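For reference, the structure discussed in these notes is given below.
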Amino acid sequence: MTTYLIRRFLLAIPVLIITALLVFLALHLSPGDPVDVIVGPIAPEAVRERVRTQLGLDRPLPVQFVVYMSHVARGDLGQSILSRRPVAEMIREKLPVTVELGVAAFTVTYLLAIPLGTLAALKRNSFLDWFSMILALLGVSTPGFWLALLLIYTFAVHLKLLPPTGYGSLEHLILPTLALGLPRVGQVARITRSSLLEVVGQDYIRTARAKGLAERTVVIVHALRNALIPIISLMGLDLGYIVGGSVVIESVFARAGVGAMMLGAIYSRDFPVLQGCMFVLAVAIVLGNILADLAYVIVDPRIRH
Amino acid sequence: MSDRQHVVWRMVLSVVTVALVVGMAGCRPAAPTAAPTTAEPTEGTEAPPTEAPAEEVTLVVGVANQYGETLDIFNTATTMEPHNMIYEPLVAVDQNYEFQPWLAERWETSEDGLTWTFYLRQGVKFHDGTDFNADVVKWWLEGMLEGVNSYMFESMTEAEVIDDYTIALTFDAPFPNLLYNLSTSFSGIMSQAAYEQYGDEYGTKYAVGTGPFMLEEWVQNDHLLLVRNPDYNWAPEWTGHTGPARVDKILYRIIPEDATRTIELQAGNVDLLLSPPPPRELPQYQNNPDYFYITGSAATIQFIGMNVNDPLFQDLRTRQAVGHALDRDLIVETIYQGLGRPTTTYLPAELGGDVGVAAVAPSYDLAQAQALLADVGWVPGPDGILVAQNVEGVAPGTRFEVTYWTYQEDEYRRLAEATQSMLGDIGIKANIQLMDNPTYSAQLKGGGCQAILRQYEWDNNDILEWFHHGKYLPYPNYLGVDDPEFDAMLDEANFNTPTWEERDELYVEIHKYLIENWYPWAPIRQAAVVYIGRSTVQDFEPIPLRGTSSVSTWLKVHLGE
């Protein structure tokens, strides 16, 4: 087990380096120059060159990349090209806003979806089953943006129960959480349902029932544990995306998080900020995957390393 | 692994997972950390004015975008309104768009026009208590010369401190534009002491000026909180209010989504919108007792640019035909709901550089457009698109088809489609390509543009020099105007006229010449600014062309009944 873990973590390192390299190339090879953004359109070439040299953007690409990675290894994500603030500090400041929403939405999605999917599977072809399938369809078809605005108009404007924008308190969290968490409920419920249906047909479930175990025990202790395996892989990926945040939801609710920061950095070609955010996102996704794999081991005794 | 180890592992992992979840949930966004602490919660503040403590009035301003990343003027080419709340320039512009004293009480030019002496206002202090004086101004000028805005004072050879409140600037050529450069949002004087003290943190965490407001905190992309400078009492008499600002605080909120920004205004959480909703939503605020609605001219001109070196556009008459093909009134009516001013000239009307120029500029006249194109040698092809028959420099049979670049924003997409249709009416096929800002600039720098839909935002006549002087080839003179006679006229106006007035007069000639002899732009519209706010906002007076980029606007605004 421990060797497995160590191996996974070690494998993560080349993954992260390659991700960083791809992001780096994508940024530097696409059109658009951060120097233009800093000095503005009305600046003589001499000033442009001066700024470019100051920022180290005139060195060959491989050199820039190696220098950047060596800093990252030491925990230094560089400085924003435009504001000269340390990127690590910027991310540290914005991450809680994004993670707060991400965790809340994650919780809402799975807390609603798994029971819903389970009931749908157990009471197949009933109203509940039908309902969850419609919900799934709605969820996939509804633009998050639209749902967000709908929630705001209903709860903030007409009912005046909750604040429309901002972050900081529980009240500010409710609407964005619903906007981000609800659309996925149907989808996850359906996966839970089909996975559970497959498991429930297996021999060992019949055996468990034959043993005289209560239906509830059969479902929860035996069936669900196996049915949850695909769900766990979903959760692992989702955990990673919590960090990336939803740019759209953050924008609509004026929650200045990592998503908004990345969007701004894209428009202004602020490479260090973008690279830093991408790197943190990559780390989170890799970790999420490792956690998911670990969870497999717990839930499924057949998987041993 | 044995059963026991198995159980232990499960317990460890459960604990870790729970700890992670709890930890992340408990990871609340940090409470505002400001050097001077304030009792008022600022994150997502939305207490309507009536709920705030009776003595403390906060003006909440909503904008769509942060625009600037730092308040360090040496190192940024973008400014935002807070620059005009925290900092003050030496010279300001009034409601008649004339230069007036601000931190400089008066000035004089030497006989040869090379030396300007400024007499500074006394008794002015920075927010950190240090004095505003000639030494700081000298430091500031030298700092500007090393920063990204050095072009503003490039020709300065010496800044001499004569005494505490007198400074003499010498240039290597007459510089009639100096007053303009000393009056912009980039011309606010920063505190030398603070700048040196805070190093890299200056501009994002700290910003110290002499203005009516002080920076209390800035949470990037979320809000800036400014507090009144209680010692401020040195605004010049002509503003009508010398004393401290009339609100206790300004909360400058960044709300990117149009819909939520207007919701906040309607909910009473925001008092004033500097970024208005789309034109089609504006009518509900006009003639509405709960809101005020102000429009004014913006220093923004939208135009179609044509590459004068491209074989298809190289004939002046062709470009003039494009100018004749545009139904500007229709565009302003339908796309902009009547906001803004259709224009056939290159400069904002308020600058005065277009006196009499409209008479020589192409206006909407389809017949004339078609006649000109026929003159050049184009004939309509079977599908209505022009085909070259007798056009100099173009192989016979070539279709008049061009790339048409523009911004990706909604507004420009619609404008591009409308103008594309109008160009189609005279037989020009324009293929629209939308791109984001940095890409657009990169493409223009790369050369090879044909037709572009673009805008400039600048409140000075010298914009004509910026885009069309030979020394600026190939960028920003990407349309390729290359005319030594024209260059000489520009140089004369910029570097050889001692006064602003004479410069203005020369620019009228320059403007006319450019339109009559080159016509690289087919202008469409001068944009308008729109400000909407709750009716409790009083004495809100933006300046023509500069809008809210003026200290006096923020000094005088207040909330009342």
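Letters for chains follow the order of the structure tokens (A, B, ...), residue numbers begin at 1 for each chain, and ligand numbers begin at 1 in the order shown.
Summary of the local environment: counting only C-alpha atoms, residues at most 9 Å from A:Ile38, other than itself and those fewer than 3 positions away along its chain, are Pro34, Val35, Arg48, Val51, Ile81, Leu82 and Ser268 of chain A; Asn75, Thr76, Ala77, Thr78 and Val148 of chain B.
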Can you spit out the residues from that selection as a PDB file, in the first residue's frame, using N, CA and C atoms?
ATOM      1  N   PRO A  34       1.972  40.368 -23.355  1.00  0.00           N
ATOM      2  CA  PRO A  34       1.696  41.078 -22.102  1.00  0.00           C
ATOM      3  C   PRO A  34       2.370  42.440 -22.048  1.00  0.00           C
ATOM      4  N   VAL A  35       3.462  42.591 -22.749  1.00  0.00           N
ATOM      5  CA  VAL A  35       4.144  43.876 -22.721  1.00  0.00           C
ATOM      6  C   VAL A  35       3.221  44.960 -23.282  1.00  0.00           C
ATOM      7  N   ARG A  48       8.976  49.645 -24.780  1.00  0.00           N
ATOM      8  CA  ARG A  48       8.521  48.255 -24.891  1.00  0.00           C
ATOM      9  C   ARG A  48       9.658  47.287 -24.635  1.00  0.00           C
ATOM     10  N   VAL A  51      10.798  47.193 -20.970  1.00  0.00           N
ATOM     11  CA  VAL A  51       9.900  46.419 -20.108  1.00  0.00           C
ATOM     12  C   VAL A  51      10.054  44.925 -20.382  1.00  0.00           C
ATOM     13  N   ILE A  81       2.737  40.003 -13.778  1.00  0.00           N
ATOM     14  CA  ILE A  81       3.417  40.945 -14.657  1.00  0.00           C
ATOM     15  C   ILE A  81       2.852  42.341 -14.504  1.00  0.00           C
ATOM     16  N   LEU A  82       1.565  42.423 -14.265  1.00  0.00           N
ATOM     17  CA  LEU A  82       0.949  43.754 -14.197  1.00  0.00           C
ATOM     18  C   LEU A  82       1.006  44.408 -12.842  1.00  0.00           C
ATOM     19  N   SER A 268      -5.373  39.835 -20.103  1.00  0.00           N
ATOM     20  CA  SER A 268      -4.210  40.709 -20.058  1.00  0.00           C
ATOM     21  C   SER A 268      -2.916  39.944 -20.290  1.00  0.00           C
TER      22      SER A 268
ATOM     23  N   ASN B  75       4.276  52.395 -13.558  1.00  0.00           N
ATOM     24  CA  ASN B  75       4.314  51.072 -14.183  1.00  0.00           C
ATOM     25  C   ASN B  75       3.008  50.589 -14.751  1.00  0.00           C
ATOM     26  N   THR B  76       2.100  51.495 -15.044  1.00  0.00           N
ATOM     27  CA  THR B  76       0.864  51.016 -15.647  1.00  0.00           C
ATOM     28  C   THR B  76       0.419  51.941 -16.762  1.00  0.00           C
ATOM     29  N   ALA B  77      -0.216  51.351 -17.776  1.00  0.00           N
ATOM     30  CA  ALA B  77      -0.741  52.176 -18.861  1.00  0.00           C
ATOM     31  C   ALA B  77      -2.258  52.219 -18.820  1.00  0.00           C
ATOM     32  N   THR B  78      -2.836  51.669 -17.741  1.00  0.00           N
ATOM     33  CA  THR B  78      -4.298  51.767 -17.603  1.00  0.00           C
ATOM     34  C   THR B  78      -4.621  52.415 -16.279  1.00  0.00           C
ATOM     35  N   VAL B 148       6.675  53.302 -17.842  1.00  0.00           N
ATOM     36  CA  VAL B 148       6.074  52.958 -19.128  1.00  0.00           C
ATOM     37  C   VAL B 148       5.385  54.150 -19.784  1.00  0.00           C
TER      38      VAL B 148
END
Exercise for the section: For chain A, report every residue with an atom at most 6 Å from chain B (counting only C-alpha atoms), formatted as a PyMOL selection string. Expected result: chain A and resi 31-32+38-40+82-83+96-97+100+166-168+251-252+254+256
Handout entry: For stretch 541-551 of chain B: contacts at 10 Å, only C-alpha atoms, fewer than 5 positions along chain excluded, given as a count of residues only
Key = 50
Practice task
Using only C-alpha atoms, determine which residues lie at most 10 Å from stretch 406-411 of chain B, disregarding the query and same-chain residues fewer than 5 positions distant; provide the list as a VMD selection string.
Solution key: chain B and resid 278 to 279 304 335 to 336 416 432 to 440 451 to 455
Near-stretch 199-215 of chain A list (12 Å; only C-alpha atoms; drop same-chain fewer than 6 positions) as a compact mmCIF listing (two decimals) with N, CA and C atoms, in the first residue's frame:
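selection_24.txt, freshly written:
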# COMPACT_ATOMS: atom_id res chain seq x y z
N THR A 118 -30.18 6.11 -5.79
CA THR A 118 -30.42 4.84 -5.11
C THR A 118 -31.91 4.52 -5.10
N ALA A 121 -33.19 3.52 -8.43
CA ALA A 121 -32.84 2.15 -8.81
C ALA A 121 -33.71 1.14 -8.09
N LEU A 122 -33.94 1.39 -6.80
CA LEU A 122 -34.70 0.43 -6.02
C LEU A 122 -36.16 0.42 -6.42
N ARG A 124 -37.57 0.99 -9.40
CA ARG A 124 -37.44 1.20 -10.85
C ARG A 124 -38.78 1.38 -11.51
N THR A 192 -25.55 6.70 -10.61
CA THR A 192 -25.74 5.89 -9.41
C THR A 192 -26.81 4.84 -9.66
N ARG A 193 -27.87 5.28 -10.26
CA ARG A 193 -28.99 4.36 -10.54
C ARG A 193 -28.56 3.20 -11.42
N VAL A 221 -25.06 -1.87 2.79
CA VAL A 221 -23.76 -2.45 3.11
C VAL A 221 -23.15 -3.19 1.93
N HIS A 222 -23.99 -3.88 1.17
CA HIS A 222 -23.40 -4.71 0.12
C HIS A 222 -23.49 -4.10 -1.27
N ALA A 223 -24.70 -3.70 -1.62
CA ALA A 223 -24.86 -3.24 -3.02
C ALA A 223 -24.22 -1.88 -3.27
N LEU A 224 -24.56 -0.92 -2.43
CA LEU A 224 -24.05 0.43 -2.66
C LEU A 224 -22.54 0.48 -2.68
N ARG A 225 -21.95 -0.25 -1.75
CA ARG A 225 -20.49 -0.18 -1.68
C ARG A 225 -19.86 -0.52 -3.03
N ASN A 226 -20.44 -1.47 -3.71
CA ASN A 226 -19.90 -1.82 -5.02
C ASN A 226 -20.35 -0.86 -6.10
N ALA A 227 -21.59 -0.41 -5.96
CA ALA A 227 -22.11 0.48 -7.00
C ALA A 227 -21.43 1.83 -6.98
N LEU A 228 -20.88 2.17 -5.83
CA LEU A 228 -20.28 3.50 -5.73
C LEU A 228 -18.95 3.66 -6.44
N ILE A 229 -18.41 2.58 -6.92
CA ILE A 229 -17.07 2.69 -7.51
C ILE A 229 -17.01 3.69 -8.66
N PRO A 230 -17.90 3.65 -9.62
CA PRO A 230 -17.84 4.68 -10.67
C PRO A 230 -18.10 6.08 -10.13
Handout entry: Option closest in space to A:Ile18, from A:Phe65, A:Val157, A:Leu150, A:Glu89 [counting only C-alpha atoms]
Key = A:Phe65
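Counting only C-alpha atoms, the residue from B:Ala367, B:Ala374, B:Val124, B:Leu312 that sits nearest to B:Glu401 is B:Leu312.
Every protein, DNA or RNA residue with an atom at most 6 Å from stretch 388-396 of chain B, where only C-alpha atoms count and chain neighbours fewer than 6 positions away do not, is listed here: Val376, Gly377 and Trp378 of chain B.
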Exercise for the section: Enumerate, as an MDAnalysis selection string, the complete set of residues in stretch 383-505 of chain B that a backbone-based DSSP assignment places in strand (DSSP E). Expected result: chainID B and resid 386:388 401:407 429:435 451:457
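Atom CA of A:Pro44 is positioned 13.2 Å from atom CA of B:Glu465.
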Problem - Who sits within 10 Å of B:Tyr285, only C-alpha atoms, same chain under 4 positions skipped, as a PyMOL selection string - result: chain B and resi 281+289-294+532-534
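Here atom CA of A:Gly245 and atom CA of A:Val185 stand 17.5 Å from one another.
Coordinates place atom CA of B:Asn431 at a distance of 15.6 Å from atom CA of B:Asp383.
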